[in-house]
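Next comes target33.csv, a file with CSV, C-alpha atoms.
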```csv
chain,number,residue,atom,x,y,z
T,692,MET,CA,33.4,-37.3,-6.8
T,693,ASN,CA,30.6,-35.1,-5.8
T,694,ARG,CA,31.3,-32.5,-3.1
T,695,ASN,CA,28.6,-30.6,-1.3
T,696,PRO,CA,28.8,-26.9,-2.1
T,697,TYR,CA,29.6,-24.7,0.8
T,698,LEU,CA,26.5,-22.8,1.8
T,699,GLN,CA,27.0,-19.6,3.9
T,700,LYS,CA,24.5,-19.9,6.7
T,701,GLN,CA,22.4,-16.8,7.0
T,702,PRO,CA,19.9,-16.6,9.9
T,703,ALA,CA,16.4,-15.8,8.9
T,704,ASN,CA,16.4,-12.7,11.2
T,705,TRP,CA,19.5,-11.3,9.4
T,706,TRP,CA,17.7,-8.0,8.9
T,707,VAL,CA,16.7,-7.3,12.5
T,708,LYS,CA,20.0,-5.8,13.9
T,709,ASN,CA,21.0,-3.4,11.2
T,710,PRO,CA,19.0,-0.2,10.8
T,711,TYR,CA,19.6,-0.1,7.1
T,712,TYR,CA,18.2,-3.6,6.6
T,713,ARG,CA,15.3,-2.8,9.0
T,714,PHE,CA,14.5,0.2,6.8
T,715,TYR,CA,14.6,-2.1,3.7
T,716,MET,CA,12.2,-4.6,5.3
T,717,LEU,CA,9.9,-1.8,6.3
T,718,ARG,CA,9.9,-0.6,2.7
T,719,GLU,CA,9.2,-4.1,1.4
T,720,GLY,CA,6.6,-4.6,4.1
T,721,THR,CA,4.5,-1.7,2.8
T,722,ALA,CA,3.3,-4.3,0.3
T,723,ILE,CA,1.2,-6.1,3.0
T,724,PRO,CA,-1.3,-3.3,3.8
T,725,LEU,CA,-1.2,-2.1,0.2
T,726,PHE,CA,-2.1,-5.6,-1.0
T,727,LEU,CA,-5.0,-5.9,1.5
T,728,TYR,CA,-6.2,-2.5,0.5
T,729,SER,CA,-6.3,-3.6,-3.2
T,730,LEU,CA,-8.6,-6.4,-2.1
T,731,LEU,CA,-10.8,-3.8,-0.4
T,732,LEU,CA,-11.0,-1.9,-3.7
T,733,LEU,CA,-11.8,-5.1,-5.5
T,734,TYR,CA,-14.6,-5.8,-3.0
T,735,GLY,CA,-15.9,-2.3,-3.8
T,736,VAL,CA,-15.9,-3.1,-7.6
T,737,TYR,CA,-17.9,-6.3,-6.8
T,738,ALA,CA,-20.3,-4.3,-4.6
T,739,LEU,CA,-20.8,-1.9,-7.4
T,740,THR,CA,-22.0,-4.8,-9.7
T,741,GLN,CA,-24.5,-5.9,-7.0
T,742,GLY,CA,-26.4,-2.6,-6.9
T,743,GLU,CA,-27.0,0.3,-4.6
T,744,SER,CA,-27.7,-1.4,-1.3
T,745,ALA,CA,-24.6,-3.6,-1.6
T,746,PHE,CA,-22.5,-0.5,-2.5
T,747,ASN,CA,-23.8,1.3,0.6
T,748,GLN,CA,-22.8,-1.7,2.7
T,749,TRP,CA,-19.3,-1.4,1.3
T,750,ILE,CA,-19.3,2.3,2.3
T,751,ALA,CA,-20.5,1.3,5.7
T,752,LEU,CA,-17.6,-1.1,5.9
T,753,LEU,CA,-15.2,1.7,5.0
T,754,ARG,CA,-16.7,3.7,7.8
T,755,SER,CA,-16.2,1.0,10.5
T,756,PRO,CA,-13.6,1.7,13.2
T,757,GLY,CA,-11.4,-1.3,12.2
T,758,MET,CA,-11.3,-0.2,8.5
T,759,ILE,CA,-10.6,3.4,9.5
T,760,ILE,CA,-7.5,2.1,11.5
T,761,PHE,CA,-6.5,-0.2,8.6
T,762,GLN,CA,-6.8,2.7,6.1
T,763,LEU,CA,-4.7,4.9,8.3
T,764,ILE,CA,-2.0,2.3,8.3
T,765,THR,CA,-2.4,1.9,4.5
T,766,PHE,CA,-2.1,5.7,4.1
T,767,LEU,CA,1.1,5.8,6.1
T,768,ALA,CA,2.4,2.8,4.0
T,769,ALA,CA,1.5,4.6,0.7
T,770,VAL,CA,3.2,7.8,1.7
T,771,PHE,CA,6.3,5.9,2.9
T,772,HIS,CA,6.2,3.9,-0.4
T,773,ALA,CA,6.0,7.2,-2.3
T,774,TYR,CA,9.0,8.6,-0.4
T,775,THR,CA,11.2,5.5,-1.0
T,776,TRP,CA,10.0,5.2,-4.6
T,777,PHE,CA,11.0,8.8,-5.5
T,778,GLU,CA,14.3,8.2,-3.9
T,779,LEU,CA,14.7,5.2,-6.1
T,780,VAL,CA,13.6,6.7,-9.4
T,781,PRO,CA,16.8,8.8,-10.2
T,782,LYS,CA,18.9,5.6,-9.7
T,783,ILE,CA,16.9,3.9,-12.5
T,784,LEU,CA,15.9,6.9,-14.7
T,785,VAL,CA,19.2,8.4,-15.9
T,786,LEU,CA,18.4,11.4,-18.1
T,787,ARG,CA,21.1,13.2,-20.1
T,788,ILE,CA,20.9,16.5,-21.8
T,789,GLY,CA,23.9,16.7,-24.1
T,790,ASN,CA,26.8,15.6,-21.9
T,791,HIS,CA,25.2,16.5,-18.7
T,792,ARG,CA,23.2,14.2,-16.5
T,793,VAL,CA,20.0,15.7,-15.2
T,794,PRO,CA,20.6,16.0,-11.4
T,795,ASP,CA,18.9,13.5,-9.1
T,796,VAL,CA,17.3,16.3,-7.1
T,797,LEU,CA,15.4,17.6,-10.2
T,798,ILE,CA,14.0,14.1,-11.0
T,799,LYS,CA,12.9,13.7,-7.4
T,800,VAL,CA,11.3,17.1,-7.1
T,801,SER,CA,9.5,16.7,-10.4
T,802,HIS,CA,8.0,13.3,-9.2
T,803,TRP,CA,6.9,14.9,-5.9
T,804,GLY,CA,5.3,17.7,-8.0
T,805,ALA,CA,3.4,15.0,-10.0
T,806,CYS,CA,2.4,13.3,-6.8
T,807,ILE,CA,1.0,16.6,-5.3
T,808,PHE,CA,-0.7,17.4,-8.6
T,809,CYS,CA,-2.4,14.0,-8.8
T,810,THR,CA,-3.4,14.2,-5.1
T,811,VAL,CA,-5.0,17.6,-5.4
T,812,MET,CA,-6.8,16.6,-8.7
T,813,ILE,CA,-8.2,13.4,-7.1
T,814,LEU,CA,-9.3,15.1,-3.8
T,815,VAL,CA,-10.9,18.1,-5.5
T,816,SER,CA,-12.8,16.0,-8.1
T,817,ALA,CA,-13.9,13.6,-5.3
T,818,ILE,CA,-15.2,16.4,-3.2
T,819,TYR,CA,-16.8,18.1,-6.2
T,820,PHE,CA,-18.5,15.0,-7.8
T,821,LEU,CA,-19.3,12.7,-4.9
X,1297,MET,CA,24.1,-24.9,-29.2
X,1298,LYS,CA,22.3,-24.6,-26.0
X,1299,ASN,CA,18.9,-23.0,-26.2
X,1300,TYR,CA,18.7,-20.4,-23.5
X,1301,GLN,CA,15.3,-19.9,-21.9
X,1302,ARG,CA,14.3,-16.2,-21.8
X,1303,SER,CA,13.8,-14.9,-18.3
X,1304,ASN,CA,10.3,-13.6,-17.5
X,1305,GLU,CA,11.7,-11.3,-14.9
X,1306,PRO,CA,11.6,-8.1,-17.2
X,1307,VAL,CA,7.8,-8.6,-17.5
X,1308,ALA,CA,7.3,-9.0,-13.8
X,1309,TRP,CA,9.6,-6.0,-13.2
X,1310,SER,CA,7.8,-3.8,-15.7
X,1311,LEU,CA,4.5,-4.4,-14.0
X,1312,PHE,CA,6.2,-3.9,-10.6
X,1313,GLY,CA,7.6,-0.6,-11.8
X,1314,ALA,CA,4.4,0.7,-13.3
X,1315,GLY,CA,2.6,-0.4,-10.1
X,1316,GLY,CA,5.1,1.4,-7.9
X,1317,MET,CA,4.5,4.6,-9.8
X,1318,VAL,CA,0.7,4.3,-9.5
X,1319,LEU,CA,1.0,3.5,-5.8
X,1320,ALA,CA,3.3,6.6,-5.3
X,1321,LEU,CA,1.3,9.0,-7.4
X,1322,VAL,CA,-2.4,8.0,-6.8
X,1323,THR,CA,-2.7,5.7,-3.8
X,1324,PRO,CA,-2.2,8.3,-0.9
X,1325,ALA,CA,-5.1,10.4,-2.4
X,1326,LEU,CA,-7.2,7.3,-3.1
X,1327,VAL,CA,-7.0,6.2,0.5
X,1328,ILE,CA,-8.1,9.7,1.7
X,1329,VAL,CA,-11.1,9.3,-0.7
X,1330,THR,CA,-12.1,5.8,0.6
X,1331,ALA,CA,-11.3,6.6,4.3
X,1332,LEU,CA,-12.6,10.1,4.7
X,1333,ILE,CA,-14.5,11.6,1.7
X,1334,LEU,CA,-16.6,8.7,0.5
X,1335,PRO,CA,-17.9,7.5,4.0
X,1336,PHE,CA,-18.0,10.8,5.8
X,1337,LEU,CA,-19.0,13.4,3.1
X,1338,PRO,CA,-22.1,15.1,4.4
X,1339,ASN,CA,-24.5,14.4,1.5
X,1340,ALA,CA,-28.3,14.9,1.5
X,1341,ASP,CA,-28.7,12.2,-1.1
X,1342,PRO,CA,-27.1,8.8,-0.2
X,1343,GLY,CA,-27.6,7.4,-3.7
X,1344,HIS,CA,-25.7,10.2,-5.3
X,1345,SER,CA,-22.1,8.8,-4.6
X,1346,TYR,CA,-23.3,5.4,-5.9
X,1347,ARG,CA,-24.6,6.9,-9.2
X,1348,VAL,CA,-21.5,9.0,-9.7
X,1349,ILE,CA,-19.1,6.1,-9.2
X,1350,LEU,CA,-21.3,3.7,-11.3
X,1351,SER,CA,-21.4,6.1,-14.2
X,1352,PHE,CA,-17.6,6.5,-13.9
X,1353,ALA,CA,-17.2,2.7,-14.0
X,1354,GLN,CA,-19.6,2.4,-16.9
X,1355,ASN,CA,-17.6,4.8,-19.0
X,1356,TRP,CA,-14.9,2.9,-21.0
X,1357,LEU,CA,-12.2,5.3,-20.0
X,1358,GLY,CA,-13.3,5.1,-16.3
X,1359,LYS,CA,-13.2,1.3,-16.5
X,1360,LEU,CA,-9.7,1.4,-18.0
X,1361,ILE,CA,-8.4,3.7,-15.3
X,1362,LEU,CA,-10.0,1.6,-12.5
X,1363,LEU,CA,-8.6,-1.7,-14.0
X,1364,ALA,CA,-5.1,-0.2,-14.5
X,1365,VAL,CA,-5.0,1.2,-10.9
X,1366,ILE,CA,-6.3,-2.0,-9.2
X,1367,SER,CA,-4.4,-4.6,-11.3
X,1368,LEU,CA,-1.1,-2.7,-11.0
X,1369,HIS,CA,-1.6,-2.6,-7.2
X,1370,PHE,CA,-1.9,-6.4,-7.4
X,1371,TYR,CA,1.2,-6.9,-9.6
X,1372,HIS,CA,3.4,-4.5,-7.6
X,1373,THR,CA,2.5,-6.0,-4.2
X,1374,ALA,CA,2.7,-9.6,-5.4
X,1375,HIS,CA,6.2,-8.9,-6.7
X,1376,ARG,CA,7.3,-7.4,-3.3
X,1377,LEU,CA,5.6,-10.2,-1.3
X,1378,TYR,CA,7.2,-12.9,-3.5
X,1379,HIS,CA,10.7,-11.5,-3.0
X,1380,GLY,CA,9.9,-10.7,0.7
X,1381,LEU,CA,9.3,-14.3,1.5
X,1382,HIS,CA,12.7,-15.1,-0.1
X,1383,ASP,CA,14.2,-12.5,2.2
X,1384,LEU,CA,12.6,-14.1,5.2
X,1385,HIS,CA,14.0,-17.5,4.1
X,1386,ILE,CA,10.5,-18.9,3.4
X,1387,HIS,CA,11.0,-21.0,0.3
X,1388,GLY,CA,9.0,-23.3,-1.9
X,1389,PRO,CA,9.5,-24.7,-5.4
X,1390,ASP,CA,10.1,-21.7,-7.6
X,1391,LYS,CA,7.5,-22.5,-10.2
X,1392,VAL,CA,4.8,-23.0,-7.5
X,1393,MET,CA,5.7,-19.7,-5.7
X,1394,LYS,CA,5.7,-17.8,-9.0
X,1395,SER,CA,2.4,-19.3,-9.9
X,1396,ILE,CA,0.9,-18.3,-6.6
X,1397,PHE,CA,2.1,-14.7,-6.6
X,1398,TYR,CA,2.2,-13.6,-10.3
X,1399,GLY,CA,-0.7,-16.0,-11.2
X,1400,GLY,CA,-2.6,-14.8,-8.2
X,1401,ALA,CA,-2.1,-11.1,-9.3
X,1402,THR,CA,-3.3,-12.1,-12.8
X,1403,LEU,CA,-6.4,-13.9,-11.5
X,1404,LEU,CA,-7.3,-11.0,-9.3
X,1405,SER,CA,-6.8,-8.6,-12.2
X,1406,LEU,CA,-9.0,-10.8,-14.5
X,1407,LEU,CA,-11.7,-10.8,-11.8
X,1408,THR,CA,-11.5,-7.0,-11.6
X,1409,ALA,CA,-11.8,-6.8,-15.4
X,1410,TYR,CA,-14.7,-9.2,-15.4
X,1411,TRP,CA,-16.7,-7.3,-12.8
X,1412,LEU,CA,-15.9,-3.9,-14.4
X,1413,PHE,CA,-17.0,-5.0,-17.8
X,1414,THR,CA,-20.3,-6.5,-16.6
X,1415,LEU,CA,-21.3,-3.0,-15.3
```
Show me this structure written as structure tokens.
Amino acid sequence: MNRNPYLQKQPANWWVKNPYYRFYMLREGTAIPLFLYSLLLLYGVYALTQGESAFNQWIALLRSPGMIIFQLITFLAAVFHAYTWFELVPKILVLRIGNHRVPDVLIKVSHWGACIFCTVMILVSAIYFL
Amino acid sequence: MKNYQRSNEPVAWSLFGAGGMVLALVTPALVIVTALILPFLPNADPGHSYRVILSFAQNWLGKLILLAVISLHFYHTAHRLYHGLHDLHIHGPDKVMKSIFYGGATLLSLLTAYWLFTL
């Protein structure tokens, strides 16, 4: 005899009421603007293959008010992603020196240091070379 | 003896993890470049930025950096969107959904590689 398995009903809006789940969904939701931004970058690579005037049109697109607002949202999503990512890293990356575990704070701080280093390097070279 | 099928989750997760690191380290600065520096930098010669970026993309190391950054963006976000739809109770046949998201990220990465290597 076949019996139907019991399925616990979970409403699709299960995450709305609990602040911890809302935070989780916001973190996962950063993927939406970041994905769209990757398409914008891909379009830039395509424009680069089409020559100078096509590339200037891409830069004009970056300058349009809609894209400025979109990129502001993307920037906030990227920074929020970075914050949640560096919170996550010490849970995955467990380093030991002898019998001692490297403290979470040290791993987080070193990742923030790397982030600031990359940011400064990219901005300085962009301003210098472009 | 039953032949167990190896899960492809570790591959997806590695690309997700690498993408997460790129997004955390590089993307905030990259957005500042494309939103503020590239379009608003007061520059006497408008073709200058184009030539600098073109020569960066024509260099093999530059190509590799651009390809890694853009394709890992795609793999990371595809992984999150795939699992996000599950969280929102939006379901489809697993093979179809995986083909759309991970296959889509792969196709977009190949397209990026193709355009970069034609430069």
- Selection: 12 Å around Ser816 in chain T, all atoms listed in the file, excl. self and same-chain fewer than 2 positions, as a PyMOL selection string: (chain T and resi 809-814+818-821) or (chain X and resi 1325-1326+1329+1333-1334+1348-1349)
- Message: I'd like the interatomic distance between CA of Cys806 in chain T and CA of Ser1351 in chain X, to a tenth of an Å.
- Response: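 CA of Cys806 in chain T sits 25.9 Å away from CA of Ser1351 in chain X.
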- What is the CA of Ala769 in chain T to CA of Tyr1378 in chain X distance in Å? 18.9 Å
Please, which residues in range 755-788 of chain T fall within 9 Å of range 709-730 of chain T when counting all atoms listed in the file, and what is the closest atom pair and distance in Å to one decimal for each, ordered by chain then residue number, as a Markdown table?
```
| residue | atom | partner | partner_atom | distance |
| --- | --- | --- | --- | --- |
| T:Phe761 | CA | T:Pro724 | CA | 7.7 |
| T:Gln762 | CA | T:Tyr728 | CA | 7.7 |
| T:Ile764 | CA | T:Pro724 | CA | 7.2 |
| T:Thr765 | CA | T:Pro724 | CA | 5.4 |
| T:Phe766 | CA | T:Leu725 | CA | 8.8 |
| T:Leu767 | CA | T:Thr721 | CA | 8.9 |
| T:Ala768 | CA | T:Thr721 | CA | 5.1 |
| T:Ala769 | CA | T:Leu725 | CA | 7.2 |
| T:Phe771 | CA | T:Arg718 | CA | 7.4 |
| T:His772 | CA | T:Arg718 | CA | 6.6 |
| T:Thr775 | CA | T:Arg718 | CA | 7.3 |
```
Those residues you just picked out, can you put them in a file as a compact mmCIF listing (two decimals), keeping the file's coordinate frame with C-alpha atoms?
```
# COMPACT_ATOMS: atom_id res chain seq x y z
CA PHE T 761 -6.50 -0.20 8.60
CA GLN T 762 -6.80 2.70 6.10
CA ILE T 764 -2.00 2.30 8.30
CA THR T 765 -2.40 1.90 4.50
CA PHE T 766 -2.10 5.70 4.10
CA LEU T 767 1.10 5.80 6.10
CA ALA T 768 2.40 2.80 4.00
CA ALA T 769 1.50 4.60 0.70
CA PHE T 771 6.30 5.90 2.90
CA HIS T 772 6.20 3.90 -0.40
CA THR T 775 11.20 5.50 -1.00
```
Contacts of chain X with chain T up to 8 Å, shortest pair per row, all atoms listed in the file, as JSON lines:
```
{"residue": "X:Gly1316", "atom": "CA", "partner": "T:Trp776", "partner_atom": "CA", "distance": 7.0}
{"residue": "X:Met1317", "atom": "CA", "partner": "T:Trp776", "partner_atom": "CA", "distance": 7.6}
{"residue": "X:Leu1319", "atom": "CA", "partner": "T:Ala769", "partner_atom": "CA", "distance": 6.6}
{"residue": "X:Ala1320", "atom": "CA", "partner": "T:Ala773", "partner_atom": "CA", "distance": 4.1}
{"residue": "X:Leu1321", "atom": "CA", "partner": "T:Cys806", "partner_atom": "CA", "distance": 4.5}
{"residue": "X:Val1322", "atom": "CA", "partner": "T:Cys809", "partner_atom": "CA", "distance": 6.3}
{"residue": "X:Thr1323", "atom": "CA", "partner": "T:Ala769", "partner_atom": "CA", "distance": 6.3}
{"residue": "X:Pro1324", "atom": "CA", "partner": "T:Ala769", "partner_atom": "CA", "distance": 5.5}
{"residue": "X:Ala1325", "atom": "CA", "partner": "T:Thr810", "partner_atom": "CA", "distance": 5.0}
{"residue": "X:Leu1326", "atom": "CA", "partner": "T:Ile813", "partner_atom": "CA", "distance": 7.4}
{"residue": "X:Val1327", "atom": "CA", "partner": "T:Phe766", "partner_atom": "CA", "distance": 6.1}
{"residue": "X:Ile1328", "atom": "CA", "partner": "T:Phe766", "partner_atom": "CA", "distance": 7.6}
{"residue": "X:Val1329", "atom": "CA", "partner": "T:Leu814", "partner_atom": "CA", "distance": 6.8}
{"residue": "X:Thr1330", "atom": "CA", "partner": "T:Leu753", "partner_atom": "CA", "distance": 6.8}
{"residue": "X:Ala1331", "atom": "CA", "partner": "T:Ile759", "partner_atom": "CA", "distance": 6.1}
{"residue": "X:Ile1333", "atom": "CA", "partner": "T:Ile818", "partner_atom": "CA", "distance": 6.9}
{"residue": "X:Leu1334", "atom": "CA", "partner": "T:Ile750", "partner_atom": "CA", "distance": 7.2}
{"residue": "X:Pro1335", "atom": "CA", "partner": "T:Arg754", "partner_atom": "CA", "distance": 5.5}
{"residue": "X:Phe1336", "atom": "CA", "partner": "T:Arg754", "partner_atom": "CA", "distance": 7.5}
{"residue": "X:Leu1337", "atom": "CA", "partner": "T:Ile818", "partner_atom": "CA", "distance": 7.9}
{"residue": "X:Gly1343", "atom": "CA", "partner": "T:Glu743", "partner_atom": "CA", "distance": 7.2}
{"residue": "X:His1344", "atom": "CA", "partner": "T:Leu821", "partner_atom": "CA", "distance": 6.9}
{"residue": "X:Ser1345", "atom": "CA", "partner": "T:Leu821", "partner_atom": "CA", "distance": 4.8}
{"residue": "X:Tyr1346", "atom": "CA", "partner": "T:Glu743", "partner_atom": "CA", "distance": 6.4}
{"residue": "X:Val1348", "atom": "CA", "partner": "T:Leu821", "partner_atom": "CA", "distance": 6.4}
{"residue": "X:Ile1349", "atom": "CA", "partner": "T:Leu821", "partner_atom": "CA", "distance": 7.9}
{"residue": "X:Leu1350", "atom": "CA", "partner": "T:Leu739", "partner_atom": "CA", "distance": 6.8}
{"residue": "X:Ile1366", "atom": "CA", "partner": "T:Ser729", "partner_atom": "CA", "distance": 6.2}
{"residue": "X:His1369", "atom": "CA", "partner": "T:Ser729", "partner_atom": "CA", "distance": 6.3}
{"residue": "X:Phe1370", "atom": "CA", "partner": "T:Phe726", "partner_atom": "CA", "distance": 6.5}
{"residue": "X:His1372", "atom": "CA", "partner": "T:Ala722", "partner_atom": "CA", "distance": 7.9}
{"residue": "X:Thr1373", "atom": "CA", "partner": "T:Ala722", "partner_atom": "CA", "distance": 4.9}
{"residue": "X:Ala1374", "atom": "CA", "partner": "T:Phe726", "partner_atom": "CA", "distance": 7.6}
{"residue": "X:Arg1376", "atom": "CA", "partner": "T:Glu719", "partner_atom": "CA", "distance": 6.0}
{"residue": "X:Leu1377", "atom": "CA", "partner": "T:Ala722", "partner_atom": "CA", "distance": 6.5}
{"residue": "X:Gly1380", "atom": "CA", "partner": "T:Glu719", "partner_atom": "CA", "distance": 6.7}
{"residue": "X:Asp1383", "atom": "CA", "partner": "T:Ala703", "partner_atom": "CA", "distance": 7.8}
{"residue": "X:Leu1384", "atom": "CA", "partner": "T:Ala703", "partner_atom": "CA", "distance": 5.6}
{"residue": "X:His1385", "atom": "CA", "partner": "T:Ala703", "partner_atom": "CA", "distance": 5.6}
{"residue": "X:Thr1408", "atom": "CA", "partner": "T:Leu733", "partner_atom": "CA", "distance": 6.4}
{"residue": "X:Trp1411", "atom": "CA", "partner": "T:Tyr737", "partner_atom": "CA", "distance": 6.2}
{"residue": "X:Leu1412", "atom": "CA", "partner": "T:Val736", "partner_atom": "CA", "distance": 6.8}
{"residue": "X:Thr1414", "atom": "CA", "partner": "T:Thr740", "partner_atom": "CA", "distance": 7.3}
{"residue": "X:Leu1415", "atom": "CA", "partner": "T:Thr740", "partner_atom": "CA", "distance": 5.9}
```
- Query: Mind listing as a PyMOL selection string all residues within 10 Å of (13.4, 7.4, -13.2), counting all atoms listed in the file?
  - Reply: (chain T and resi 776-786+795+798-799+802) or (chain X and resi 1313+1317)
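Distances here use only C-alpha atoms; by that measure, the residue among X:Met1393, X:Ala1364, X:Val1307, X:Leu1403 closest to His1379 in chain X is X:Met1393.
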- Query: For the atom pair CA of His1375 in chain X and CA of Phe1312 in chain X, what is the interatomic distance in Å to one decimal place?
  - Reply: 6.3 Å
